[in-house]
file model34.pdb (PDB, C-alpha atoms)
MODEL        1
ATOM      1  CA  LEU A   1      31.732  -9.562   9.739
ATOM      2  CA  ALA A   2      29.799  -7.417  12.226
ATOM      3  CA  GLU A   3      29.514  -4.679   9.583
ATOM      4  CA  HIS A   4      28.114  -7.156   7.046
ATOM      5  CA  ASP A   5      25.491  -8.437   9.505
ATOM      6  CA  ALA A   6      24.361  -4.893  10.235
ATOM      7  CA  GLN A   7      23.888  -4.268   6.507
ATOM      8  CA  ALA A   8      21.924  -7.499   6.085
ATOM      9  CA  ASN A   9      19.433  -6.306   8.693
ATOM     10  CA  ALA A  10      19.284  -2.740   7.421
ATOM     11  CA  PRO A  11      15.866  -1.556   6.258
ATOM     12  CA  VAL A  12      15.223  -1.797   2.541
ATOM     13  CA  SER A  13      15.544   1.605   0.851
ATOM     14  CA  ASN A  14      12.643   3.275  -0.924
ATOM     15  CA  THR A  15      14.452   2.693  -4.196
ATOM     16  CA  GLU A  16      14.819  -1.027  -3.494
ATOM     17  CA  GLN A  17      11.159  -1.247  -2.430
ATOM     18  CA  ALA A  18      10.064   0.501  -5.628
ATOM     19  CA  LEU A  19      12.229  -1.761  -7.799
ATOM     20  CA  GLN A  20      10.913  -4.879  -6.049
ATOM     21  CA  ALA A  21       7.316  -3.696  -6.498
ATOM     22  CA  GLU A  22       8.000  -3.020 -10.185
ATOM     23  CA  THR A  23       9.540  -6.484 -10.660
ATOM     24  CA  ARG A  24       6.477  -8.127  -9.051
ATOM     25  CA  PHE A  25       4.061  -6.020 -11.121
ATOM     26  CA  MET A  26       5.822  -6.733 -14.427
ATOM     27  CA  ALA A  27       5.994 -10.479 -13.643
ATOM     28  CA  GLY A  28       2.256 -10.496 -12.940
ATOM     29  CA  GLU A  29       1.535  -8.633 -16.180
ATOM     30  CA  ARG A  30       3.847 -10.934 -18.176
ATOM     31  CA  ALA A  31       1.899 -13.966 -16.873
ATOM     32  CA  LYS A  32      -1.504 -12.716 -18.103
ATOM     33  CA  ALA A  33      -3.160 -14.455 -21.048
ATOM     34  CA  GLY A  34      -2.605 -12.797 -24.425
ATOM     35  CA  VAL A  35       0.398 -10.735 -23.310
ATOM     36  CA  ARG A  36       3.478 -10.756 -25.506
ATOM     37  CA  GLU A  37       6.813  -9.129 -24.847
ATOM     38  CA  ILE A  38       8.341  -6.951 -27.538
ATOM     39  CA  ALA A  39      11.662  -5.081 -27.556
ATOM     40  CA  GLU A  40      13.100  -3.720 -24.302
ATOM     41  CA  GLY A  41      10.626  -5.662 -22.141
ATOM     42  CA  VAL A  42       7.553  -3.718 -23.255
ATOM     43  CA  LEU A  43       4.440  -5.887 -22.822
ATOM     44  CA  VAL A  44       1.536  -5.632 -25.262
ATOM     45  CA  THR A  45      -1.941  -7.100 -25.482
ATOM     46  CA  GLU A  46      -3.878  -6.578 -28.704
ATOM     47  CA  LEU A  47      -7.358  -5.265 -27.889
ATOM     48  CA  ALA A  48      -8.313  -4.570 -31.512
ATOM     49  CA  PRO A  49      -6.373  -5.435 -34.675
ATOM     50  CA  GLY A  50      -5.155  -2.848 -37.135
ATOM     51  CA  THR A  51      -4.389  -3.163 -40.827
ATOM     52  CA  GLY A  52      -2.833   0.206 -41.603
ATOM     53  CA  ALA A  53       0.739   1.404 -41.892
ATOM     54  CA  LYS A  54       3.187   1.274 -39.000
ATOM     55  CA  PRO A  55       4.930   4.520 -38.043
ATOM     56  CA  SER A  56       8.603   5.105 -38.739
ATOM     57  CA  ALA A  57      11.030   6.024 -35.957
ATOM     58  CA  ASN A  58      10.771   9.700 -36.948
ATOM     59  CA  GLY A  59       7.110   9.641 -37.930
ATOM     60  CA  ARG A  60       4.061  11.231 -36.402
ATOM     61  CA  VAL A  61       1.131   9.358 -34.907
ATOM     62  CA  GLN A  62      -2.434  10.302 -34.106
ATOM     63  CA  VAL A  63      -3.613   8.470 -31.010
ATOM     64  CA  ARG A  64      -6.256   8.279 -28.340
ATOM     65  CA  TYR A  65      -4.922   6.942 -25.065
ATOM     66  CA  ALA A  66      -5.362   6.475 -21.336
ATOM     67  CA  GLY A  67      -2.409   6.110 -18.964
ATOM     68  CA  ARG A  68      -2.674   4.397 -15.594
ATOM     69  CA  LEU A  69      -0.404   3.700 -12.655
ATOM     70  CA  PRO A  70       0.022   0.062 -11.509
ATOM     71  CA  ASP A  71      -2.804   0.516  -8.959
ATOM     72  CA  GLY A  72      -5.186   1.558 -11.756
ATOM     73  CA  THR A  73      -5.123   5.312 -11.026
ATOM     74  CA  LEU A  74      -5.687   7.299 -14.229
ATOM     75  CA  PHE A  75      -2.881   9.876 -14.607
ATOM     76  CA  ASP A  76      -3.359  11.019 -18.209
ATOM     77  CA  GLN A  77      -5.771  10.538 -21.081
ATOM     78  CA  SER A  78      -6.865  12.043 -24.350
ATOM     79  CA  THR A  79     -10.522  11.870 -25.203
ATOM     80  CA  GLN A  80      -9.835  13.724 -28.463
ATOM     81  CA  PRO A  81      -7.264  12.401 -30.957
ATOM     82  CA  GLN A  82      -3.766  13.815 -30.346
ATOM     83  CA  TRP A  83      -0.792  14.034 -32.737
ATOM     84  CA  PHE A  84       2.691  13.221 -31.441
ATOM     85  CA  ARG A  85       6.086  12.955 -33.111
ATOM     86  CA  LEU A  86       7.596   9.614 -32.071
ATOM     87  CA  GLY A  87      10.819  11.361 -31.103
ATOM     88  CA  SER A  88       8.937  13.327 -28.418
ATOM     89  CA  VAL A  89       7.334  10.453 -26.492
ATOM     90  CA  ILE A  90       8.705   8.082 -23.846
ATOM     91  CA  GLU A  91      10.825   5.222 -25.111
ATOM     92  CA  GLY A  92       8.219   2.562 -24.317
ATOM     93  CA  TRP A  93       5.697   4.330 -26.545
ATOM     94  CA  ARG A  94       8.236   4.527 -29.396
ATOM     95  CA  THR A  95       8.966   0.806 -29.013
ATOM     96  CA  ALA A  96       5.284  -0.191 -29.070
ATOM     97  CA  LEU A  97       4.018   2.249 -31.693
ATOM     98  CA  GLN A  98       6.634   1.296 -34.276
ATOM     99  CA  GLN A  99       5.235  -2.257 -34.183
ATOM    100  CA  MET A 100       1.595  -1.199 -34.117
ATOM    101  CA  PRO A 101      -0.446  -0.948 -37.340
ATOM    102  CA  ALA A 102      -2.815   1.988 -37.737
ATOM    103  CA  GLY A 103      -6.303   1.086 -36.579
ATOM    104  CA  ALA A 104      -5.037  -1.107 -33.746
ATOM    105  CA  LYS A 105      -5.788  -0.659 -30.074
ATOM    106  CA  TRP A 106      -3.271  -2.138 -27.634
ATOM    107  CA  ARG A 107      -2.808  -2.356 -23.904
ATOM    108  CA  VAL A 108       0.865  -1.515 -23.358
ATOM    109  CA  VAL A 109       2.742  -2.089 -20.087
ATOM    110  CA  ILE A 110       6.005  -0.169 -19.885
ATOM    111  CA  GLY A 111       8.668  -0.721 -17.242
ATOM    112  CA  SER A 112      10.129   2.360 -15.594
ATOM    113  CA  ALA A 113      13.382   2.095 -17.580
ATOM    114  CA  GLN A 114      11.328   2.783 -20.756
ATOM    115  CA  ALA A 115       9.178   5.447 -19.052
ATOM    116  CA  TYR A 116      10.332   8.017 -16.476
ATOM    117  CA  GLY A 117      12.939   5.885 -14.657
ATOM    118  CA  ALA A 118      14.631   7.093 -11.491
ATOM    119  CA  GLN A 119      13.358  10.666 -11.961
ATOM    120  CA  GLY A 120       9.645   9.926 -12.124
ATOM    121  CA  ALA A 121       7.428  12.692 -13.490
ATOM    122  CA  GLY A 122       6.436  15.488 -11.155
ATOM    123  CA  ASP A 123       4.165  14.593  -8.252
ATOM    124  CA  VAL A 124       2.160  12.158 -10.363
ATOM    125  CA  ILE A 125       4.582   9.366 -11.320
ATOM    126  CA  ALA A 126       6.968   8.194  -8.616
ATOM    127  CA  PRO A 127      10.492   7.023  -9.498
ATOM    128  CA  TYR A 128      10.696   3.425 -10.805
ATOM    129  CA  THR A 129       6.983   3.253 -11.642
ATOM    130  CA  PRO A 130       5.834   1.027 -14.509
ATOM    131  CA  LEU A 131       2.994   2.483 -16.574
ATOM    132  CA  VAL A 132      -0.051   0.931 -18.260
ATOM    133  CA  PHE A 133      -1.542   2.515 -21.378
ATOM    134  CA  GLU A 134      -4.414   1.756 -23.668
ATOM    135  CA  ILE A 135      -3.343   3.238 -26.988
ATOM    136  CA  GLU A 136      -5.472   3.437 -30.109
ATOM    137  CA  LEU A 137      -3.390   4.292 -33.191
ATOM    138  CA  LEU A 138      -5.682   6.295 -35.441
ATOM    139  CA  ALA A 139      -3.331   7.595 -38.131
ATOM    140  CA  VAL A 140       0.317   7.647 -39.190
ATOM    141  CA  ALA A 141       2.197  10.432 -41.010
ATOM    142  CA  ASP A 142       5.818  11.249 -41.847
TER     143      ASP A 142
ENDMDL
END

call {"tool": "encode", "arguments": {"input": "model34.pdb", "output": "structure tokens"}}
result
Amino acid sequence: LAEHDAQANAPVSNTEQALQAETRFMAGERAKAGVREIAEGVLVTELAPGTGAKPSANGRVQVRYAGRLPDGTLFDQSTQPQWFRLGSVIEGWRTALQQMPAGAKWRVVIGSAQAYGAQGAGDVIAPYTPLVFEIELLAVAD
């Protein structure tokens, strides 16, 4: 019993703190007007509709995007259109882009399990960090 009580009062680990912060952030995002949840818990908000083709799982996409951390810090963006093969991007992007018609612009919120998970990404993205992207799908190719 004494051992259990000591554990109950133990400080929360960095991992637990990060996971709790992610849970709070995702719940707040999920509650925003216009947000819908697609596969794997990816949250999307349509900023502009699209009417073009949707990419296949192995297709290529031309996009313009901005990526932000939960606090709004910009960590990556493309001002010029970029081509990516869907197989080479994080899982959350694959999930969202396969449901996105060309011409659309979406705000996409991706939990860490669909992004960089426990590893994070270098010094920029800490472990268990959800990511927020604005993605404009310009073109689709095989």

call {"tool": "resolve_selection", "arguments": {"input": "model34.pdb", "expression": "the PyMOL selection byres ((chain A and resi 67-79) around 7)", "output": "JSON list (two decimals) with C-alpha atoms, in the coordinates of the input"}}
result
[["chain", "number", "residue", "atom", "x", "y", "z"],
["A", 64, "ARG", "CA", -6.26, 8.28, -28.34],
["A", 65, "TYR", "CA", -4.92, 6.94, -25.06],
["A", 66, "ALA", "CA", -5.36, 6.48, -21.34],
["A", 80, "GLN", "CA", -9.84, 13.72, -28.46],
["A", 81, "PRO", "CA", -7.26, 12.40, -30.96],
["A", 82, "GLN", "CA", -3.77, 13.82, -30.35],
["A", 124, "VAL", "CA", 2.16, 12.16, -10.36],
["A", 130, "PRO", "CA", 5.83, 1.03, -14.51],
["A", 131, "LEU", "CA", 2.99, 2.48, -16.57],
["A", 132, "VAL", "CA", -0.05, 0.93, -18.26],
["A", 133, "PHE", "CA", -1.54, 2.52, -21.38],
["A", 134, "GLU", "CA", -4.41, 1.76, -23.67]]

call {"tool": "resolve_selection", "arguments": {"input": "model34.pdb", "expression": "the PyMOL selection byres ((chain A and resi 41) around 10)", "output": "list of chain:residue names"}}
result
A:Met26, A:Arg30, A:Arg36, A:Glu37, A:Ile38, A:Ala39, A:Glu40, A:Val42, A:Leu43, A:Val44, A:Gly92, A:Thr95, A:Val109, A:Ile110, A:Gly111, A:Ala113, A:Gln114

call {"tool": "atom_distance", "arguments": {"input": "model34.pdb", "atom1": "CA of Ala102 in chain A", "atom2": "CA of Lys54 in chain A"}}
result
6.2 Å

call {"tool": "resolve_selection", "arguments": {"input": "model34.pdb", "expression": "the PyMOL selection byres ((chain A and resi 118) around 6)", "output": "ChimeraX atom specification"}}
result
/A:117,119-120,127-128

call {"tool": "closest_atom_pairs", "arguments": {"input": "model34.pdb", "of": "range 74-105 of chain A", "to": "range 45-49 of chain A", "cutoff": "9 Å", "atoms": "all atoms listed in the file", "output": "CSV"}}
result
residue,atom,partner,partner_atom,distance
A:Pro101,CA,A:Pro49,CA,7.9
A:Ala102,CA,A:Pro49,CA,8.8
A:Gly103,CA,A:Pro49,CA,6.8
A:Ala104,CA,A:Pro49,CA,4.6
A:Lys105,CA,A:Ala48,CA,4.9

call {"tool": "closest_residue", "arguments": {"input": "model34.pdb", "among": "A:Thr51, A:Ser13, A:Leu97, A:Arg107", "to": "Glu29 in chain A", "atoms": "all atoms listed in the file"}}
result
A:Arg107

call {"tool": "atom_distance", "arguments": {"input": "model34.pdb", "atom1": "CA of Trp83 in chain A", "atom2": "CA of Ser56 in chain A"}}
result
14.3 Å

call {"tool": "atom_distance", "arguments": {"input": "model34.pdb", "atom1": "CA of Leu138 in chain A", "atom2": "CA of Gly52 in chain A"}}
result
9.1 Å

call {"tool": "closest_residue", "arguments": {"input": "model34.pdb", "among": "A:Ala57, A:Ala115, A:Val108, A:Ala139", "to": "Ile90 in chain A", "atoms": "all atoms listed in the file"}}
result
A:Ala115

call {"tool": "closest_residue", "arguments": {"input": "model34.pdb", "among": "A:Thr129, A:Gln99, A:Ala141, A:Ile135", "to": "Thr15 in chain A", "atoms": "all atoms listed in the file"}}
result
A:Thr129

call {"tool": "residues_around", "arguments": {"input": "model34.pdb", "residues": "range 86-89 of chain A", "least_positions_apart": "2", "cutoff": "9 Å", "atoms": "all atoms listed in the file", "output": "CSV table (one decimal) with C-alpha atoms, in the frame of the given file"}}
result
chain,number,residue,atom,x,y,z
A,55,PRO,CA,4.9,4.5,-38.0
A,56,SER,CA,8.6,5.1,-38.7
A,57,ALA,CA,11.0,6.0,-36.0
A,58,ASN,CA,10.8,9.7,-36.9
A,59,GLY,CA,7.1,9.6,-37.9
A,60,ARG,CA,4.1,11.2,-36.4
A,61,VAL,CA,1.1,9.4,-34.9
A,84,PHE,CA,2.7,13.2,-31.4
A,91,GLU,CA,10.8,5.2,-25.1
A,92,GLY,CA,8.2,2.6,-24.3
A,93,TRP,CA,5.7,4.3,-26.5
A,94,ARG,CA,8.2,4.5,-29.4
A,97,LEU,CA,4.0,2.2,-31.7
A,98,GLN,CA,6.6,1.3,-34.3

call {"tool": "decode", "arguments": {"input": "model34.pdb", "residues": "range 59-79 of chain A", "atoms": "N, CA and C atoms", "output": "tab-separated table (two decimals), in the first residue's frame"}}
result
chain	number	residue	atom	x	y	z
A	59	GLY	N	-0.91	8.06	-55.31
A	59	GLY	CA	-0.82	9.19	-56.23
A	59	GLY	C	0.15	10.26	-55.78
A	60	ARG	N	0.25	11.28	-56.63
A	60	ARG	CA	1.07	12.44	-56.31
A	60	ARG	C	0.14	13.65	-56.19
A	61	VAL	N	0.52	14.58	-55.33
A	61	VAL	CA	-0.27	15.78	-55.12
A	61	VAL	C	0.61	17.00	-55.23
A	62	GLN	N	0.03	18.07	-55.76
A	62	GLN	CA	0.72	19.36	-55.76
A	62	GLN	C	-0.03	20.23	-54.74
A	63	VAL	N	0.70	20.73	-53.76
A	63	VAL	CA	0.09	21.46	-52.67
A	63	VAL	C	0.86	22.73	-52.35
A	64	ARG	N	0.15	23.64	-51.69
A	64	ARG	CA	0.75	24.75	-50.97
A	64	ARG	C	0.29	24.56	-49.54
A	65	TYR	N	1.16	24.76	-48.58
A	65	TYR	CA	0.77	24.47	-47.20
A	65	TYR	C	1.54	25.33	-46.21
A	66	ALA	N	0.99	25.38	-45.00
A	66	ALA	CA	1.68	25.95	-43.84
A	66	ALA	C	1.43	25.02	-42.68
A	67	GLY	N	2.47	24.69	-41.93
A	67	GLY	CA	2.36	23.81	-40.78
A	67	GLY	C	2.68	24.56	-39.50
A	68	ARG	N	1.80	24.40	-38.50
A	68	ARG	CA	1.98	25.10	-37.23
A	68	ARG	C	1.92	24.13	-36.06
A	69	LEU	N	2.61	24.50	-34.99
A	69	LEU	CA	2.53	23.79	-33.73
A	69	LEU	C	1.24	24.23	-33.02
A	70	PRO	N	0.82	23.53	-31.97
A	70	PRO	CA	-0.42	23.91	-31.27
A	70	PRO	C	-0.43	25.35	-30.77
A	71	ASP	N	0.75	25.91	-30.45
A	71	ASP	CA	0.80	27.30	-29.96
A	71	ASP	C	0.79	28.32	-31.10
A	72	GLY	N	0.68	27.84	-32.35
A	72	GLY	CA	0.62	28.74	-33.50
A	72	GLY	C	1.96	29.00	-34.17
A	73	THR	N	3.05	28.48	-33.61
A	73	THR	CA	4.38	28.67	-34.20
A	73	THR	C	4.46	27.98	-35.56
A	74	LEU	N	4.85	28.74	-36.58
A	74	LEU	CA	5.03	28.20	-37.93
A	74	LEU	C	6.31	27.37	-37.95
A	75	PHE	N	6.21	26.08	-38.35
A	75	PHE	CA	7.43	25.26	-38.41
A	75	PHE	C	7.78	24.87	-39.84
A	76	ASP	N	6.86	25.01	-40.77
A	76	ASP	CA	7.15	24.64	-42.16
A	76	ASP	C	6.09	25.28	-43.04
A	77	GLN	N	6.51	25.70	-44.24
A	77	GLN	CA	5.53	26.18	-45.21
A	77	GLN	C	6.13	26.15	-46.60
A	78	SER	N	5.24	26.12	-47.58
A	78	SER	CA	5.68	26.23	-48.97
A	78	SER	C	4.93	27.41	-49.57
A	79	THR	N	5.67	28.38	-50.02
A	79	THR	CA	5.02	29.51	-50.69
A	79	THR	C	4.84	29.18	-52.17
